[in-house]
Number of protein chains: 2
Amino acid sequence: MKAVIVLSGGQDSATSLALAVKRYGAKEVAAITFTYSQRHAIEVEYARKLAKRFGVENHNFVSLDFYSSITENALMSKDRAIKKIKGSSCPTSVVEGRNSFFLLSASVWAKKLGATEVWTGVSEADYSGYPDCREKFIKSQQRTIRLALEWPIKIVTPFMHMTKAQEWALADELGILEIIENETVTCYNGILGKGCGKCPACRLRNAGYREFLSKRKSQR
Amino acid sequence: MKAVIVLSGGQDSATSLALAVKRYGAKEVAAITFTYSQRHAIEVEYARKLAKRFGVENHNFVSLDFYSSITENALMSKDRAIKKIKGSSCPTSVVEGRNSFFLLSASVWAKKLGATEVWTGVSEADYSGYPDCREKFIKSQQRTIRLALEWPIKIVTPFMHMTKAQEWALADELGILEIIENETVTCYNGILGKGCGKCPACRLRNAGYREFLSKRKSQR
């Protein structure tokens, strides 16, 4: 096994799964999906379908149920609105330390499988302001995991410096544009594809899509 | 709230809890205890009693049930013997990344409580060979958590460079020697106090105790 892909069922992780499968073949790739009482838990079902779609058979579903016992946020509580926090780069949907838990769990499992790569679809170019999407966090996390596990994990972030529009163009190149468009869920309200169109995640995704379409049009 | 103490119910964490309570007072200290299908789960009950003993009321029990879905080891499986692994510094009881999960969870909760310190009883002087007990891991973990949470967490490790004998002497100074002797569980077989006397954790603990006693005797 070469790589473990953190797969949420959203645009970024689905595109990174396709990229990893193209590089190594589906048999050398495993997927890991987390549940943590997120309000759009339906994404887990889409993650299951996406892994099958790309031929990835080794798919681990890991339940981080403890999360609500250590923190509170609007993503895990339907009573709270998702909006900007004054004086912070983060919206109220921030799940404190989420990527740290994801990457650590994925790395522990990768070591068990004999894999040394963990892929994540995070980006600091077009992002929601979460601190654990930035490259300096990822580099520090990689060093920490290597020290903790004594295992040469490499955290692969293919989209770190790509805009959403560039990610859409990549999906187009990979021949999976329609899958990403129609079979992934990014929306905080759990609505497939274009989503509700109103939440911050939808706005980011849809603005990127429009930018990609207009660039593609002007190039033709 | 000043500090969150990772409390397993063993000698190290119980002594560090007493130390934190002495420094800040019981009202400024919270305890966090983890379950992860460890074979000596009885330690959780001792952790509960220890927190009460030292007057700490804010005690969070966090269940890391997912652990067995990402890794295997002798601590979480009664079918496997605890022994040295050839060519590794670790015994088979290693729970991959355990301290990383503990410190991250404790830090996320600390942020919610408004605390900036997380205490852990790890030591690299007299230790079992686990890589996530070393100071270079702790420093890297602290940096990673700060970046992930944007919160000025300080990981406090009072015993990093203390031997077990020195820890026993500290318990004596704090006036809690009998509590640590009789009300903590370090043994992999879950036996209180002196334990089974045969497992690696008991041997380390009991050798340190004998060394402490003989030094104390020679000083008197």
# chains A, B, ... in the order shown; residues from 1 in each chain; ligands from 1
>>> residues_around(residues="Tyr46 of chain A", least_positions_apart="3", cutoff="9 Å", atoms="only C-alpha atoms", output="ChimeraX atom specification")
/A:8-10,42-43,49-51,183-185,192
>>> residues_around(residues="segment 14-20 of chain A", least_positions_apart="5", cutoff="8 Å", atoms="only C-alpha atoms", output="JSON, numbers by chain")
{"A": [3, 5, 7, 8, 9, 25, 29, 31, 47, 50, 51, 54, 119, 120, 121, 158, 167, 171, 174, 180, 184]}
>>> interface_residues(of="chain A", to="chain B", cutoff="10 Å", atoms="only C-alpha atoms", output="ChimeraX atom specification")
/A:32,60-72,88,94-101,104-113,130-134,136-150
>>> atom_distance(atom1="atom CA of Thr116 of chain B", atom2="atom CA of Glu28 of chain B")
11.4 Å
>>> closest_residue(among="A:Met162, A:Ile191, A:Ile176, A:Val118", to="Lys22 of chain A", atoms="only C-alpha atoms")
A:Ile176
>>> select_by_dssp(residues="segment 2-216 of chain B", states="alpha helix (DSSP H)", output="ChimeraX atom specification")
/B:11-24,43-53,98-113,135-149,164-173,177-183,200-216
>>> select_by_dssp(residues="segment 37-205 of chain B", states="strand (DSSP E)", output="MDAnalysis selection string")
chainID B and resid 59:63 117:119 154:156
>>> residues_around(residues="Ala74 of chain A", least_positions_apart="5", cutoff="8 Å", atoms="only C-alpha atoms", output="PyMOL selection string")
chain A and resi 79-82+92-94
>>> write_last_selection(atoms="N, CA and C atoms", output="JSON list (two decimals), in the first residue's frame")
[["chain", "number", "residue", "atom", "x", "y", "z"],
["A", 79, "ASP", "N", -27.96, 24.04, 16.29],
["A", 79, "ASP", "CA", -28.56, 25.23, 16.90],
["A", 79, "ASP", "C", -27.75, 26.49, 16.65],
["A", 80, "ARG", "N", -26.50, 26.32, 16.21],
["A", 80, "ARG", "CA", -25.65, 27.49, 16.06],
["A", 80, "ARG", "C", -25.47, 27.85, 14.59],
["A", 81, "ALA", "N", -25.52, 29.14, 14.30],
["A", 81, "ALA", "CA", -25.39, 29.60, 12.91],
["A", 81, "ALA", "C", -23.92, 29.57, 12.48],
["A", 82, "ILE", "N", -23.71, 29.27, 11.19],
["A", 82, "ILE", "CA", -22.36, 29.35, 10.62],
["A", 82, "ILE", "C", -22.15, 30.77, 10.12],
["A", 92, "THR", "N", -17.62, 30.31, 12.59],
["A", 92, "THR", "CA", -18.07, 29.52, 13.74],
["A", 92, "THR", "C", -18.11, 28.01, 13.46],
["A", 93, "SER", "N", -17.95, 27.65, 12.19],
["A", 93, "SER", "CA", -17.95, 26.23, 11.81],
["A", 93, "SER", "C", -16.61, 25.55, 12.11],
["A", 94, "VAL", "N", -15.62, 26.30, 12.61],
["A", 94, "VAL", "CA", -14.31, 25.69, 12.88],
["A", 94, "VAL", "C", -14.45, 24.54, 13.89]]
>>> atom_distance(atom1="atom CA of Ala165 of chain B", atom2="atom CA of Ser214 of chain B")
9.8 Å
>>> decode(residues="segment 75-88 of chain A", atoms="all heavy atoms", output="mmCIF file, in the first residue's frame")
data_model
loop_
_atom_site.group_PDB
_atom_site.id
_atom_site.type_symbol
_atom_site.label_atom_id
_atom_site.label_comp_id
_atom_site.auth_asym_id
_atom_site.auth_seq_id
_atom_site.Cartn_x
_atom_site.Cartn_y
_atom_site.Cartn_z
ATOM 1 N N LEU A 75 -20.529 23.513 13.362
ATOM 2 C CA LEU A 75 -20.601 22.380 12.432
ATOM 3 C C LEU A 75 -21.165 21.140 13.128
ATOM 4 O O LEU A 75 -21.763 20.276 12.497
ATOM 5 C CB LEU A 75 -19.210 22.054 11.861
ATOM 6 C CG LEU A 75 -19.231 21.356 10.498
ATOM 7 C CD1 LEU A 75 -19.714 22.314 9.418
ATOM 8 C CD2 LEU A 75 -17.863 20.825 10.117
ATOM 9 N N MET A 76 -20.954 21.053 14.422
ATOM 10 C CA MET A 76 -21.416 19.890 15.168
ATOM 11 C C MET A 76 -22.705 20.179 15.942
ATOM 12 O O MET A 76 -23.191 19.314 16.664
ATOM 13 C CB MET A 76 -20.311 19.413 16.120
ATOM 14 C CG MET A 76 -19.245 18.579 15.396
ATOM 15 S SD MET A 76 -17.581 18.624 16.171
ATOM 16 C CE MET A 76 -17.947 18.343 17.885
ATOM 17 N N SER A 77 -23.241 21.381 15.807
ATOM 18 C CA SER A 77 -24.456 21.738 16.536
ATOM 19 C C SER A 77 -25.404 22.491 15.605
ATOM 20 O O SER A 77 -25.067 23.568 15.102
ATOM 21 C CB SER A 77 -24.089 22.627 17.728
ATOM 22 O OG SER A 77 -25.238 23.269 18.206
ATOM 23 N N LYS A 78 -26.571 21.917 15.360
ATOM 24 C CA LYS A 78 -27.491 22.545 14.415
ATOM 25 C C LYS A 78 -28.121 23.825 14.974
ATOM 26 O O LYS A 78 -28.738 24.589 14.248
ATOM 27 C CB LYS A 78 -28.582 21.541 14.014
ATOM 28 C CG LYS A 78 -28.015 20.473 13.084
ATOM 29 C CD LYS A 78 -29.063 19.592 12.450
ATOM 30 C CE LYS A 78 -28.368 18.606 11.518
ATOM 31 N NZ LYS A 78 -29.236 17.559 11.025
ATOM 32 N N ASP A 79 -27.959 24.037 16.293
ATOM 33 C CA ASP A 79 -28.557 25.232 16.903
ATOM 34 C C ASP A 79 -27.746 26.493 16.649
ATOM 35 O O ASP A 79 -28.219 27.587 16.899
ATOM 36 C CB ASP A 79 -28.649 25.053 18.434
ATOM 37 C CG ASP A 79 -29.412 23.790 18.791
ATOM 38 O OD1 ASP A 79 -30.237 23.348 17.965
ATOM 39 O OD2 ASP A 79 -29.162 23.240 19.886
ATOM 40 N N ARG A 80 -26.505 26.316 16.208
ATOM 41 C CA ARG A 80 -25.648 27.492 16.060
ATOM 42 C C ARG A 80 -25.472 27.852 14.595
ATOM 43 O O ARG A 80 -25.273 26.979 13.748
ATOM 44 C CB ARG A 80 -24.281 27.226 16.706
ATOM 45 C CG ARG A 80 -24.393 27.081 18.225
ATOM 46 C CD ARG A 80 -23.067 26.789 18.869
ATOM 47 N NE ARG A 80 -22.098 27.851 18.600
ATOM 48 C CZ ARG A 80 -20.846 27.832 19.042
ATOM 49 N NH1 ARG A 80 -20.409 26.814 19.743
ATOM 50 N NH2 ARG A 80 -20.023 28.815 18.765
ATOM 51 N N ALA A 81 -25.517 29.138 14.297
ATOM 52 C CA ALA A 81 -25.387 29.599 12.912
ATOM 53 C C ALA A 81 -23.922 29.571 12.476
ATOM 54 O O ALA A 81 -23.024 29.800 13.280
ATOM 55 C CB ALA A 81 -25.931 31.012 12.794
ATOM 56 N N ILE A 82 -23.709 29.269 11.188
ATOM 57 C CA ILE A 82 -22.363 29.350 10.622
ATOM 58 C C ILE A 82 -22.153 30.775 10.115
ATOM 59 O O ILE A 82 -22.830 31.230 9.200
ATOM 60 C CB ILE A 82 -22.175 28.316 9.489
ATOM 61 C CG1 ILE A 82 -22.260 26.899 10.065
ATOM 62 C CG2 ILE A 82 -20.845 28.538 8.774
ATOM 63 C CD1 ILE A 82 -22.171 25.785 9.045
ATOM 64 N N LYS A 83 -21.263 31.493 10.774
ATOM 65 C CA LYS A 83 -20.979 32.870 10.356
ATOM 66 C C LYS A 83 -19.576 33.247 10.798
ATOM 67 O O LYS A 83 -18.908 32.477 11.497
ATOM 68 C CB LYS A 83 -22.006 33.824 10.967
ATOM 69 C CG LYS A 83 -22.080 33.761 12.493
ATOM 70 C CD LYS A 83 -23.205 34.617 13.036
ATOM 71 C CE LYS A 83 -23.219 34.526 14.564
ATOM 72 N NZ LYS A 83 -24.323 35.260 15.165
ATOM 73 N N LYS A 84 -19.120 34.428 10.390
ATOM 74 C CA LYS A 84 -17.769 34.863 10.764
ATOM 75 C C LYS A 84 -17.686 35.149 12.267
ATOM 76 O O LYS A 84 -18.658 35.576 12.877
ATOM 77 C CB LYS A 84 -17.384 36.113 9.983
ATOM 78 C CG LYS A 84 -17.150 35.811 8.504
ATOM 79 C CD LYS A 84 -16.366 36.895 7.805
ATOM 80 C CE LYS A 84 -16.025 36.430 6.381
ATOM 81 N NZ LYS A 84 -15.307 37.441 5.615
ATOM 82 N N ILE A 85 -16.500 34.879 12.836
ATOM 83 C CA ILE A 85 -16.259 35.256 14.231
ATOM 84 C C ILE A 85 -15.487 36.577 14.203
ATOM 85 O O ILE A 85 -14.467 36.679 13.516
ATOM 86 C CB ILE A 85 -15.401 34.197 14.971
ATOM 87 C CG1 ILE A 85 -16.050 32.805 14.902
ATOM 88 C CG2 ILE A 85 -15.168 34.606 16.419
ATOM 89 C CD1 ILE A 85 -15.168 31.674 15.472
ATOM 90 N N LYS A 86 -15.962 37.567 14.942
ATOM 91 C CA LYS A 86 -15.264 38.869 14.976
ATOM 92 C C LYS A 86 -13.848 38.701 15.510
ATOM 93 O O LYS A 86 -13.631 38.023 16.518
ATOM 94 C CB LYS A 86 -16.030 39.856 15.866
ATOM 95 C CG LYS A 86 -17.126 40.587 15.116
ATOM 96 C CD LYS A 86 -17.773 41.662 15.997
ATOM 97 C CE LYS A 86 -19.037 42.191 15.298
ATOM 98 N NZ LYS A 86 -19.818 43.053 16.198
ATOM 99 N N GLY A 87 -12.892 39.328 14.847
ATOM 100 C CA GLY A 87 -11.511 39.313 15.328
ATOM 101 C C GLY A 87 -10.783 38.004 15.099
ATOM 102 O O GLY A 87 -9.702 37.785 15.628
ATOM 103 N N SER A 88 -11.388 37.101 14.307
ATOM 104 C CA SER A 88 -10.744 35.819 14.028
ATOM 105 C C SER A 88 -10.799 35.572 12.524
ATOM 106 O O SER A 88 -11.679 36.080 11.826
ATOM 107 C CB SER A 88 -11.485 34.704 14.770
ATOM 108 O OG SER A 88 -11.094 33.435 14.281
#
